[in-house]
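K.L.:
I'm passing along run.cif; it holds mmCIF, C-alpha atoms.
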```cif
data_run
#
loop_
_atom_site.group_PDB
_atom_site.id
_atom_site.type_symbol
_atom_site.label_atom_id
_atom_site.label_comp_id
_atom_site.auth_asym_id
_atom_site.auth_seq_id
_atom_site.Cartn_x
_atom_site.Cartn_y
_atom_site.Cartn_z
ATOM 1 C CA MET N 65 -0.676 33.610 14.138
ATOM 2 C CA ALA N 66 0.892 31.513 11.410
ATOM 3 C CA ASN N 67 4.313 31.523 13.041
ATOM 4 C CA ASN N 68 2.855 29.883 16.146
ATOM 5 C CA ILE N 69 1.734 26.757 14.301
ATOM 6 C CA ARG N 70 3.918 23.833 15.247
ATOM 7 C CA VAL N 71 2.092 21.048 13.371
ATOM 8 C CA LEU N 72 0.348 21.709 10.071
ATOM 9 C CA ILE N 73 -2.087 19.074 8.769
ATOM 10 C CA ALA N 74 -3.041 18.851 5.088
ATOM 11 C CA SER N 75 -4.973 15.708 4.285
ATOM 12 C CA GLY N 76 -8.237 14.441 2.907
ATOM 13 C CA ASP N 77 -8.775 13.011 6.394
ATOM 14 C CA GLY N 78 -7.497 16.163 8.076
ATOM 15 C CA ALA N 79 -10.411 16.625 10.470
ATOM 16 C CA ASN N 80 -9.981 13.178 12.012
ATOM 17 C CA LEU N 81 -6.202 13.526 12.142
ATOM 18 C CA GLU N 82 -6.479 16.937 13.821
ATOM 19 C CA LYS N 83 -8.911 15.634 16.437
ATOM 20 C CA ARG N 84 -6.760 12.638 17.275
ATOM 21 C CA VAL N 85 -3.520 14.644 17.482
ATOM 22 C CA LYS N 86 -5.062 17.403 19.616
ATOM 23 C CA VAL N 87 -6.574 14.946 22.079
ATOM 24 C CA THR N 88 -3.306 13.042 22.482
ATOM 25 C CA LEU N 89 -0.901 15.998 22.296
ATOM 26 C CA PRO N 90 -2.844 18.931 23.804
ATOM 27 C CA HIS N 91 0.322 20.906 24.512
ATOM 28 C CA ILE N 92 1.149 21.565 20.853
ATOM 29 C CA ASN N 93 -0.387 24.046 18.426
ATOM 30 C CA VAL N 94 -2.053 22.188 15.548
ATOM 31 C CA LEU N 95 -3.794 23.559 12.470
ATOM 32 C CA ASN N 96 -5.768 21.626 9.865
ATOM 33 C CA LEU N 97 -5.591 23.376 6.469
ATOM 34 C CA GLN N 98 -8.667 21.496 5.199
ATOM 35 C CA TYR N 99 -6.752 20.709 2.040
ATOM 36 C CA ASP N 100 -8.689 19.502 -0.985
ATOM 37 C CA ALA N 101 -6.455 17.966 -3.658
ATOM 38 C CA THR N 102 -8.929 19.000 -6.353
ATOM 39 C CA ALA N 103 -8.847 22.665 -5.357
ATOM 40 C CA GLY N 104 -5.142 22.665 -4.547
ATOM 41 C CA ILE N 105 -3.163 25.080 -2.388
ATOM 42 C CA THR N 106 -4.827 28.462 -1.931
ATOM 43 C CA LYS N 107 -3.180 31.820 -1.236
ATOM 44 C CA GLU N 108 -4.538 31.715 2.315
ATOM 45 C CA MET N 109 -2.575 28.527 3.007
ATOM 46 C CA ILE N 110 0.821 29.804 1.910
ATOM 47 C CA GLU N 111 1.586 31.824 5.061
ATOM 48 C CA TYR N 112 1.044 28.742 7.216
ATOM 49 C CA ILE N 113 3.160 26.606 4.906
ATOM 50 C CA GLU N 114 5.998 29.124 5.088
ATOM 51 C CA ASN N 115 6.094 29.187 8.896
ATOM 52 C CA ALA N 116 5.088 25.803 10.316
ATOM 53 C CA GLU N 117 7.676 23.533 11.924
ATOM 54 C CA ILE N 118 6.148 20.120 11.190
ATOM 55 C CA LEU N 119 3.917 18.933 8.358
ATOM 56 C CA LEU N 120 1.584 15.915 8.440
ATOM 57 C CA CYS N 121 0.102 15.539 4.982
ATOM 58 C CA ASP N 122 -0.994 13.419 2.049
ATOM 59 C CA PRO N 123 1.858 13.159 -0.491
ATOM 60 C CA PRO N 124 0.004 15.215 -3.183
ATOM 61 C CA PHE N 125 0.054 18.224 -0.861
ATOM 62 C CA PHE N 126 3.811 18.165 -0.386
ATOM 63 C CA VAL N 127 4.279 17.461 -4.095
ATOM 64 C CA GLU N 128 2.314 20.628 -4.796
ATOM 65 C CA CYS N 129 4.348 22.593 -2.245
ATOM 66 C CA LEU N 130 7.560 21.508 -3.954
ATOM 67 C CA SER N 131 6.223 22.032 -7.471
ATOM 68 C CA LEU N 132 5.110 25.587 -6.621
ATOM 69 C CA LYS N 133 8.473 26.141 -4.865
ATOM 70 C CA ILE N 134 6.776 27.534 -1.778
ATOM 71 C CA PRO N 135 9.470 28.402 0.787
ATOM 72 C CA HIS N 136 9.086 26.564 4.073
ATOM 73 C CA LYS N 137 10.695 26.064 7.471
ATOM 74 C CA PHE N 138 9.675 22.440 7.930
ATOM 75 C CA LYS N 139 12.091 20.487 10.073
ATOM 76 C CA TRP N 140 10.126 17.291 9.612
ATOM 77 C CA VAL N 141 7.459 16.126 7.174
ATOM 78 C CA GLN N 142 5.461 12.918 7.700
ATOM 79 C CA VAL N 143 3.267 11.747 4.826
ATOM 80 C CA THR N 144 0.113 9.777 5.527
ATOM 81 C CA TRP N 145 0.758 7.078 2.932
ATOM 82 C CA ALA N 146 3.146 4.128 2.941
ATOM 83 C CA GLY N 147 4.179 4.827 -0.674
ATOM 84 C CA ILE N 148 6.205 7.896 -1.662
ATOM 85 C CA ASP N 149 6.328 7.358 -5.464
ATOM 86 C CA SER N 150 4.894 10.741 -6.427
ATOM 87 C CA LEU N 151 7.276 12.578 -4.098
ATOM 88 C CA ARG N 152 10.292 10.664 -5.329
ATOM 89 C CA ASN N 153 9.416 11.421 -8.941
ATOM 90 C CA VAL N 154 8.974 15.178 -8.490
ATOM 91 C CA ILE N 155 12.085 15.474 -6.302
ATOM 92 C CA HIS N 156 14.317 13.545 -8.691
ATOM 93 C CA SER N 157 12.968 15.061 -11.922
ATOM 94 C CA ASN N 158 13.352 18.616 -10.596
ATOM 95 C CA LYS N 159 16.524 17.939 -8.584
ATOM 96 C CA LEU N 160 14.935 19.458 -5.496
ATOM 97 C CA GLU N 161 16.414 19.677 -2.023
ATOM 98 C CA LEU N 162 13.925 18.927 0.749
ATOM 99 C CA GLY N 163 15.773 20.687 3.535
ATOM 100 C CA CYS N 164 13.955 18.561 6.137
ATOM 101 C CA CYS N 165 13.500 15.024 7.401
ATOM 102 C CA LEU N 166 10.861 13.028 5.503
ATOM 103 C CA THR N 167 9.089 10.049 7.036
ATOM 104 C CA ARG N 168 6.265 7.889 5.738
ATOM 105 C CA THR N 169 3.473 6.085 7.530
ATOM 106 C CA GLY N 170 5.036 2.656 7.670
ATOM 107 C CA GLU N 171 2.617 1.190 10.180
ATOM 108 C CA GLY N 172 -1.106 1.096 10.749
ATOM 109 C CA PHE N 173 -2.120 -0.454 7.407
ATOM 110 C CA GLY N 174 -1.044 -4.053 8.025
ATOM 111 C CA GLN N 175 -4.130 -5.319 9.867
ATOM 112 C CA LEU N 176 -6.627 -3.944 7.358
ATOM 113 C CA MET N 177 -4.595 -4.986 4.337
ATOM 114 C CA GLY N 178 -4.121 -8.453 5.795
ATOM 115 C CA GLU N 179 -7.883 -8.716 6.228
ATOM 116 C CA TYR N 180 -8.317 -7.608 2.611
ATOM 117 C CA VAL N 181 -5.968 -10.348 1.385
ATOM 118 C CA LEU N 182 -7.471 -13.111 3.538
ATOM 119 C CA GLY N 183 -10.994 -11.945 2.756
ATOM 120 C CA HIS N 184 -10.463 -12.305 -0.978
ATOM 121 C CA ILE N 185 -8.747 -15.677 -0.606
ATOM 122 C CA ILE N 186 -11.629 -17.021 1.482
ATOM 123 C CA SER N 187 -14.175 -15.503 -0.898
ATOM 124 C CA ARG N 188 -12.578 -17.261 -3.871
ATOM 125 C CA GLU N 189 -12.133 -20.598 -2.171
ATOM 126 C CA HIS N 190 -15.747 -20.601 -0.944
ATOM 127 C CA HIS N 191 -17.133 -19.295 -4.254
ATOM 128 C CA PHE N 192 -18.964 -16.393 -2.621
ATOM 129 C CA GLN N 193 -19.297 -14.382 -5.853
ATOM 130 C CA GLU N 194 -20.727 -17.341 -7.767
ATOM 131 C CA LEU N 195 -23.089 -18.168 -4.904
ATOM 132 C CA LEU N 196 -24.384 -14.599 -4.885
ATOM 133 C CA LEU N 197 -25.112 -14.898 -8.587
ATOM 134 C CA LYS N 198 -27.018 -18.132 -7.947
ATOM 135 C CA GLN N 199 -29.019 -16.360 -5.256
ATOM 136 C CA LYS N 200 -29.988 -13.587 -7.649
ATOM 137 C CA GLN N 201 -31.091 -16.244 -10.107
ATOM 138 C CA LYS N 202 -33.015 -18.035 -7.310
ATOM 139 C CA GLU N 203 -31.151 -21.197 -8.164
ATOM 140 C CA TRP N 204 -30.404 -23.870 -5.517
ATOM 141 C CA SER N 205 -27.143 -25.480 -6.627
ATOM 142 C CA ARG N 206 -24.746 -27.452 -4.422
ATOM 143 C CA ALA N 207 -22.716 -29.946 -6.437
ATOM 144 C CA GLU N 208 -20.621 -27.372 -8.301
ATOM 145 C CA PHE N 209 -19.526 -25.730 -5.048
ATOM 146 C CA SER N 210 -18.177 -28.815 -3.316
ATOM 147 C CA ASN N 211 -14.538 -28.228 -4.304
ATOM 148 C CA ILE N 212 -13.583 -25.978 -1.408
ATOM 149 C CA ARG N 213 -9.910 -25.964 -0.420
ATOM 150 C CA PRO N 214 -9.120 -25.243 3.252
ATOM 151 C CA LEU N 215 -6.569 -22.523 3.946
ATOM 152 C CA THR N 216 -4.304 -25.139 5.508
ATOM 153 C CA SER N 217 -3.809 -26.651 2.044
ATOM 154 C CA LEU N 218 -2.888 -23.350 0.392
ATOM 155 C CA THR N 219 0.398 -21.549 -0.168
ATOM 156 C CA ILE N 220 0.813 -17.786 -0.449
ATOM 157 C CA GLY N 221 3.841 -16.030 -1.913
ATOM 158 C CA ILE N 222 4.257 -12.533 -0.460
ATOM 159 C CA LEU N 223 6.314 -10.085 -2.503
ATOM 160 C CA GLY N 224 7.686 -7.536 -0.067
ATOM 161 C CA LEU N 225 8.297 -8.177 3.619
ATOM 162 C CA GLY N 226 8.154 -4.724 5.174
ATOM 163 C CA SER N 227 5.792 -3.863 8.021
ATOM 164 C CA ILE N 228 2.684 -4.530 5.906
ATOM 165 C CA GLY N 229 4.033 -7.702 4.286
ATOM 166 C CA SER N 230 5.127 -9.053 7.658
ATOM 167 C CA GLU N 231 1.649 -8.514 9.064
ATOM 168 C CA VAL N 232 0.043 -10.214 6.057
ATOM 169 C CA ALA N 233 2.462 -13.118 6.558
ATOM 170 C CA ARG N 234 1.543 -13.367 10.242
ATOM 171 C CA MET N 235 -2.187 -13.418 9.552
ATOM 172 C CA CYS N 236 -1.901 -15.975 6.747
ATOM 173 C CA LYS N 237 0.374 -18.205 8.818
ATOM 174 C CA GLU N 238 -1.954 -18.086 11.802
ATOM 175 C CA MET N 239 -4.772 -19.218 9.499
ATOM 176 C CA GLY N 240 -2.701 -22.258 8.585
ATOM 177 C CA MET N 241 -1.361 -21.236 5.187
ATOM 178 C CA THR N 242 2.165 -22.052 4.030
ATOM 179 C CA VAL N 243 3.995 -18.758 3.564
ATOM 180 C CA TRP N 244 6.701 -17.969 1.042
ATOM 181 C CA ALA N 245 8.093 -14.437 0.953
ATOM 182 C CA LEU N 246 10.349 -12.377 -1.278
ATOM 183 C CA SER N 247 12.812 -10.008 0.359
ATOM 184 C CA ARG N 248 15.836 -7.987 -0.707
ATOM 185 C CA THR N 249 17.972 -10.085 1.641
ATOM 186 C CA LYS N 250 17.750 -13.396 3.494
ATOM 187 C CA LYS N 251 19.439 -11.866 6.527
ATOM 188 C CA MET N 252 16.235 -10.345 7.905
ATOM 189 C CA SER N 253 14.108 -11.928 10.620
ATOM 190 C CA ALA N 254 10.945 -13.516 9.233
ATOM 191 C CA PRO N 255 9.187 -15.430 12.046
ATOM 192 C CA TYR N 256 5.959 -16.191 10.130
ATOM 193 C CA VAL N 257 7.606 -17.196 6.858
ATOM 194 C CA ASP N 258 8.226 -20.831 5.963
ATOM 195 C CA TYR N 259 10.390 -20.092 2.902
ATOM 196 C CA LEU N 260 12.264 -16.814 2.558
ATOM 197 C CA ARG N 261 13.620 -16.026 -0.899
ATOM 198 C CA THR N 262 15.398 -13.140 -2.646
ATOM 199 C CA TYR N 263 14.754 -11.691 -6.109
ATOM 200 C CA GLU N 264 17.032 -14.295 -7.684
ATOM 201 C CA ASP N 265 14.618 -16.990 -6.466
ATOM 202 C CA LEU N 266 11.441 -15.339 -7.765
ATOM 203 C CA LYS N 267 10.610 -18.184 -10.164
ATOM 204 C CA GLU N 268 10.735 -20.736 -7.352
ATOM 205 C CA LEU N 269 8.337 -18.680 -5.253
ATOM 206 C CA LEU N 270 5.908 -18.178 -8.142
ATOM 207 C CA SER N 271 5.801 -21.858 -9.056
ATOM 208 C CA ASN N 272 4.999 -22.858 -5.470
ATOM 209 C CA SER N 273 2.250 -20.322 -4.694
ATOM 210 C CA ASP N 274 -1.509 -20.745 -4.960
ATOM 211 C CA TYR N 275 -1.824 -17.012 -4.264
ATOM 212 C CA ILE N 276 0.734 -14.297 -4.965
ATOM 213 C CA CYS N 277 0.360 -11.092 -2.979
ATOM 214 C CA ASN N 278 2.359 -8.084 -4.166
ATOM 215 C CA ILE N 279 3.149 -5.459 -1.515
ATOM 216 C CA LEU N 280 6.364 -4.136 -3.064
ATOM 217 C CA PRO N 281 6.934 -0.377 -3.488
ATOM 218 C CA ASP N 282 7.611 1.147 -6.897
ATOM 219 C CA THR N 283 11.390 1.213 -7.323
ATOM 220 C CA ALA N 284 13.811 0.610 -10.186
ATOM 221 C CA GLU N 285 14.249 -2.919 -8.842
ATOM 222 C CA THR N 286 10.526 -3.737 -8.737
ATOM 223 C CA HIS N 287 9.299 -1.910 -11.849
ATOM 224 C CA ASN N 288 7.840 -4.506 -14.262
ATOM 225 C CA LEU N 289 9.172 -7.326 -12.064
ATOM 226 C CA LEU N 290 6.287 -9.567 -13.161
ATOM 227 C CA SER N 291 5.999 -8.333 -16.756
ATOM 228 C CA GLY N 292 6.758 -10.338 -19.881
ATOM 229 C CA ASP N 293 6.482 -14.113 -19.478
ATOM 230 C CA VAL N 294 7.559 -14.199 -15.810
ATOM 231 C CA LEU N 295 4.146 -15.424 -14.660
ATOM 232 C CA LYS N 296 4.410 -18.491 -16.862
ATOM 233 C CA GLU N 297 5.935 -20.062 -13.754
ATOM 234 C CA CYS N 298 2.425 -19.978 -12.229
ATOM 235 C CA GLN N 299 0.766 -22.175 -14.838
ATOM 236 C CA MET N 300 0.931 -25.437 -12.863
ATOM 237 C CA LYS N 301 -0.888 -24.004 -9.835
ATOM 238 C CA LYS N 302 -2.824 -21.368 -11.783
ATOM 239 C CA SER N 303 -1.972 -18.887 -9.069
ATOM 240 C CA VAL N 304 -4.183 -15.904 -8.282
ATOM 241 C CA LEU N 305 -2.421 -12.526 -8.133
ATOM 242 C CA ILE N 306 -3.484 -10.118 -5.391
ATOM 243 C CA ASN N 307 -1.933 -6.699 -5.966
ATOM 244 C CA ILE N 308 -2.087 -4.244 -3.060
ATOM 245 C CA GLY N 309 1.396 -2.783 -3.632
ATOM 246 C CA ARG N 310 1.905 -0.789 -6.814
ATOM 247 C CA GLY N 311 0.481 -1.196 -10.302
ATOM 248 C CA THR N 312 3.927 -0.799 -11.849
ATOM 249 C CA ILE N 313 4.890 -4.330 -10.775
ATOM 250 C CA ILE N 314 3.399 -5.583 -14.067
ATOM 251 C CA SER N 315 2.200 -4.033 -17.310
ATOM 252 C CA GLU N 316 -1.496 -4.328 -18.099
ATOM 253 C CA GLU N 317 -0.633 -6.108 -21.339
ATOM 254 C CA SER N 318 1.424 -8.726 -19.485
ATOM 255 C CA LEU N 319 -1.283 -9.260 -16.884
ATOM 256 C CA VAL N 320 -4.023 -9.687 -19.483
ATOM 257 C CA HIS N 321 -1.795 -12.118 -21.395
ATOM 258 C CA ALA N 322 -1.014 -14.190 -18.279
ATOM 259 C CA ILE N 323 -4.704 -14.559 -17.461
ATOM 260 C CA SER N 324 -5.750 -15.215 -21.065
ATOM 261 C CA GLU N 325 -3.067 -17.911 -21.422
ATOM 262 C CA GLY N 326 -4.198 -19.587 -18.208
ATOM 263 C CA TRP N 327 -0.942 -18.981 -16.378
ATOM 264 C CA LEU N 328 -2.914 -17.174 -13.679
ATOM 265 C CA GLY N 329 -6.221 -18.404 -12.327
ATOM 266 C CA GLY N 330 -7.333 -14.815 -11.820
ATOM 267 C CA ALA N 331 -6.421 -11.565 -10.089
ATOM 268 C CA VAL N 332 -7.585 -9.228 -7.342
ATOM 269 C CA LEU N 333 -6.377 -5.752 -8.245
ATOM 270 C CA ASP N 334 -6.453 -2.755 -5.909
ATOM 271 C CA VAL N 335 -3.689 -0.662 -7.504
ATOM 272 C CA PHE N 336 -2.967 0.425 -11.065
ATOM 273 C CA VAL N 337 -0.423 2.398 -13.052
ATOM 274 C CA LYS N 338 -3.088 4.992 -13.800
ATOM 275 C CA GLU N 339 -5.768 5.729 -11.220
ATOM 276 C CA PRO N 340 -8.698 5.867 -11.553
ATOM 277 C CA LEU N 341 -8.474 2.886 -13.890
ATOM 278 C CA PRO N 342 -9.623 4.131 -17.343
ATOM 279 C CA SER N 343 -13.085 2.912 -18.357
ATOM 280 C CA ASN N 344 -11.675 1.442 -21.581
ATOM 281 C CA SER N 345 -9.236 -0.858 -19.725
ATOM 282 C CA VAL N 346 -9.611 -4.536 -20.641
ATOM 283 C CA LEU N 347 -9.247 -5.397 -16.955
ATOM 284 C CA TRP N 348 -12.765 -4.208 -16.106
ATOM 285 C CA SER N 349 -14.394 -7.070 -17.983
ATOM 286 C CA LEU N 350 -11.676 -9.740 -17.947
ATOM 287 C CA ASP N 351 -12.901 -13.075 -16.570
ATOM 288 C CA GLY N 352 -11.411 -13.940 -13.194
ATOM 289 C CA VAL N 353 -10.451 -10.352 -12.343
ATOM 290 C CA LEU N 354 -11.891 -8.444 -9.391
ATOM 291 C CA ILE N 355 -11.162 -4.726 -9.250
ATOM 292 C CA THR N 356 -11.290 -2.520 -6.145
ATOM 293 C CA PRO N 357 -10.583 1.269 -6.157
ATOM 294 C CA HIS N 358 -7.384 1.401 -4.064
ATOM 295 C CA VAL N 359 -9.165 0.681 -0.780
ATOM 296 C CA SER N 360 -7.112 -2.181 0.691
ATOM 297 C CA GLY N 361 -5.326 0.212 3.076
ATOM 298 C CA PRO N 362 -7.856 2.901 4.051
ATOM 299 C CA PHE N 363 -7.158 5.648 6.545
ATOM 300 C CA SER N 364 -7.507 4.622 10.148
ATOM 301 C CA THR N 365 -6.758 6.051 13.556
ATOM 302 C CA LYS N 366 -3.412 4.294 13.281
ATOM 303 C CA VAL N 367 -2.214 6.899 10.759
ATOM 304 C CA ALA N 368 -2.533 9.489 13.509
ATOM 305 C CA ASP N 369 -1.064 7.063 16.031
ATOM 306 C CA ALA N 370 1.995 6.544 13.814
ATOM 307 C CA PHE N 371 2.532 10.322 13.675
ATOM 308 C CA ILE N 372 2.065 10.696 17.427
ATOM 309 C CA SER N 373 4.581 7.919 18.077
ATOM 310 C CA ASN N 374 7.100 9.650 15.838
ATOM 311 C CA PHE N 375 6.346 13.065 17.362
ATOM 312 C CA ARG N 376 7.296 11.767 20.793
ATOM 313 C CA LEU N 377 10.607 10.581 19.362
ATOM 314 C CA TYR N 378 11.036 13.980 17.699
ATOM 315 C CA GLU N 379 10.489 15.822 20.983
ATOM 316 C CA ALA N 380 12.923 13.500 22.726
ATOM 317 C CA LYS N 381 15.458 14.167 19.960
ATOM 318 C CA LYS N 382 15.605 10.457 19.126
ATOM 319 C CA PRO N 383 15.798 8.919 15.625
ATOM 320 C CA LEU N 384 12.422 8.848 13.864
ATOM 321 C CA LYS N 385 10.848 5.694 12.466
ATOM 322 C CA TYR N 386 10.291 5.121 8.745
ATOM 323 C CA VAL N 387 12.659 7.795 7.490
ATOM 324 C CA VAL N 388 12.606 7.637 3.691
ATOM 325 C CA ASP N 389 15.669 5.992 2.180
ATOM 326 C CA TRP N 390 16.022 7.563 -1.268
ATOM 327 C CA GLU N 391 18.485 4.929 -2.465
ATOM 328 C CA LYS N 392 16.017 2.116 -1.728
ATOM 329 C CA GLY N 393 13.077 4.203 -2.947
ATOM 330 C CA TYR N 394 10.950 3.906 0.206
#
```
Once you've parsed the file, please lay out its structure as structure tokens.

P.N.:
Amino acid sequence: MANNIRVLIASGDGANLEKRVKVTLPHINVLNLQYDATAGITKEMIEYIENAEILLCDPPFFVECLSLKIPHKFKWVQVTWAGIDSLRNVIHSNKLELGCCLTRTGEGFGQLMGEYVLGHIISREHHFQELLLKQKQKEWSRAEFSNIRPLTSLTIGILGLGSIGSEVARMCKEMGMTVWALSRTKKMSAPYVDYLRTYEDLKELLSNSDYICNILPDTAETHNLLSGDVLKECQMKKSVLINIGRGTIISEESLVHAISEGWLGGAVLDVFVKEPLPSNSVLWSLDGVLITPHVSGPFSTKVADAFISNFRLYEAKKPLKYVVDWEKGY
């Protein structure tokens, strides 16, 4: 019966989440709705939505629930993503009341996203893309690939020092890189950061970084933070921008201009204002730009693990982790 469902799962990775949760928490009643964002919420799903106690879902599902104004009895909703932009927008624009606790998956992505960042840095410094092209051309060429910089000589500026940013900092530091980081406050603990700076010191961080990694959420404070001529500060080092946070950190026009002017030495882009990236975007064919389809933080078993960890706190009536702070925007 629908009113016996304690945990409702609605995710593109629902089958794996259901399996993991059931194995670890066999005492609770779990149902996977097999939600497909393309098809949307069906009539058959509504009864379960109206009666379940806890929801574990991709943000688009809960956005649709709120947009359709489906009544619910959720006491707690945990979304499977780190970002809650779409939820924040629909809640604020429609002045909706959630009526439940909302948490995000604030852990589980750091290792994979750190590997993504380091992988692209190593690939650039060792000229892997150019070497692959030489292989396809059956050309043996060594002299032009002798200018390899070791990681120990490189500096990375990390924008955003939450759980993911802290893990990226740890991995980069352990590989010998010098780490700068941008945070809302200098009062936080940052054990793997050599130079901690706030937003007021952004220019200093940019001018000292060989690589700039954005992991900031989309908030009023971060929107267009790098737009305009801000990246002119990078022209001495010709920094490379790696964006795994949100596309709204910089306008496409500003990014194209920064690369065309030589302020940036290139960019690795995994996130965009509009996704999928339109086929007519200049970024697809811009020299020095590598585009990936929002895959730097793929689903992993740790998404389920993060929910299970929070569920145990929920059962123990203890404060949950990663409760969304609407004033901060994440």

K.L.:
When the PyMOL selection byres ((chain N and resi 363) around 12) is applied to the file above, which residues end up in the set, as a VMD selection string?

P.N.:
chain N and resid 75 to 78 80 to 81 122 144 to 146 169 171 to 177 358 to 362 364 to 370

K.L.:
With the PyMOL selection byres ((chain N and resi 92) around 12) as the selection, what would be picked from this file? Answer as a list of chain:residue names, please.

P.N.:
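This file, filtered by the PyMOL selection byres ((chain N and resi 92) around 12), leaves N:Asn68, N:Ile69, N:Arg70, N:Val71, N:Leu72, N:Glu82, N:Val85, N:Lys86, N:Val87, N:Thr88, N:Leu89, N:Pro90, N:His91, N:Asn93, N:Val94, N:Leu95, N:Glu117, N:Ile118, N:Ile372, N:Phe375, N:Arg376, N:Glu379.
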
K.L.:
Mind checking which residues fall within 12 Å of N:Leu319, counting all atoms listed in the file, ignoring those fewer than 2 positions away in the same chain, and posting them as a count of residues only?

P.N.:
40

K.L.:
For the structure provided, state which residues fall under the PyMOL selection byres ((chain N and resi 272-279) around 7), and present them as a list in words.

P.N.:
Leu218, Thr219, Ile220, Gly221, Ile222, Leu223, Gly224, Gly229, Glu268, Leu269, Leu270, Ser271, Leu280, Pro281, Lys301, Lys302, Ser303, Val304, Leu305, Ile306, Asn307, Ile308 and Gly309 of chain N

K.L.:
Record the distance separating atom CA of N:Arg168 and atom CA of N:Met109, expressed in Å with one decimal.

P.N.:
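That distance, rounded to one decimal, is 22.6 Å.
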
K.L.:
How far is it from atom CA of N:Tyr259 to atom CA of N:Gly240, in Å with one decimal?

P.N.:
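Computing it gives 14.4 Å between the two atoms.
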
K.L.:
Go ahead and find all residues with at least one atom no further than 12 Å from (12.1, 10.0, -8.7) in the file's coordinates, using all atoms listed in the file; report them as a list of chain:residue names.

P.N.:
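Answer for this query, in the requested form: N:Val127, N:Ile148, N:Asp149, N:Ser150, N:Leu151, N:Arg152, N:Asn153, N:Val154, N:Ile155, N:His156, N:Ser157, N:Asn158, N:Lys159, N:Leu160, N:Asp282, N:Thr283, N:Ala284, N:Trp390, N:Glu391, N:Lys392, N:Gly393, N:Tyr394.
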
K.L.:
Quick check, in Å to one decimal: how far apart do atom CA of N:Lys251 and atom CA of N:Ile185 lie?

P.N.:
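Those two atoms sit 29.3 Å apart.
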
K.L.:
From the options N:Gly170, N:Glu111, N:Leu341, N:Leu354, which residue's atoms come nearest to N:Ser187, counting all atoms listed in the file?

P.N.:
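Once distances to N:Ser187 are computed over all atoms listed in the file, the minimum belongs to N:Leu354.
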
K.L.:
Using only C-alpha atoms for the distances, tell me which of N:Lys107, N:Lys133, N:Lys338, N:Arg310 is nearest to N:Glu161.

P.N.:
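Comparing N:Lys107, N:Lys133, N:Lys338, N:Arg310 against N:Glu161, the winner is N:Lys133.
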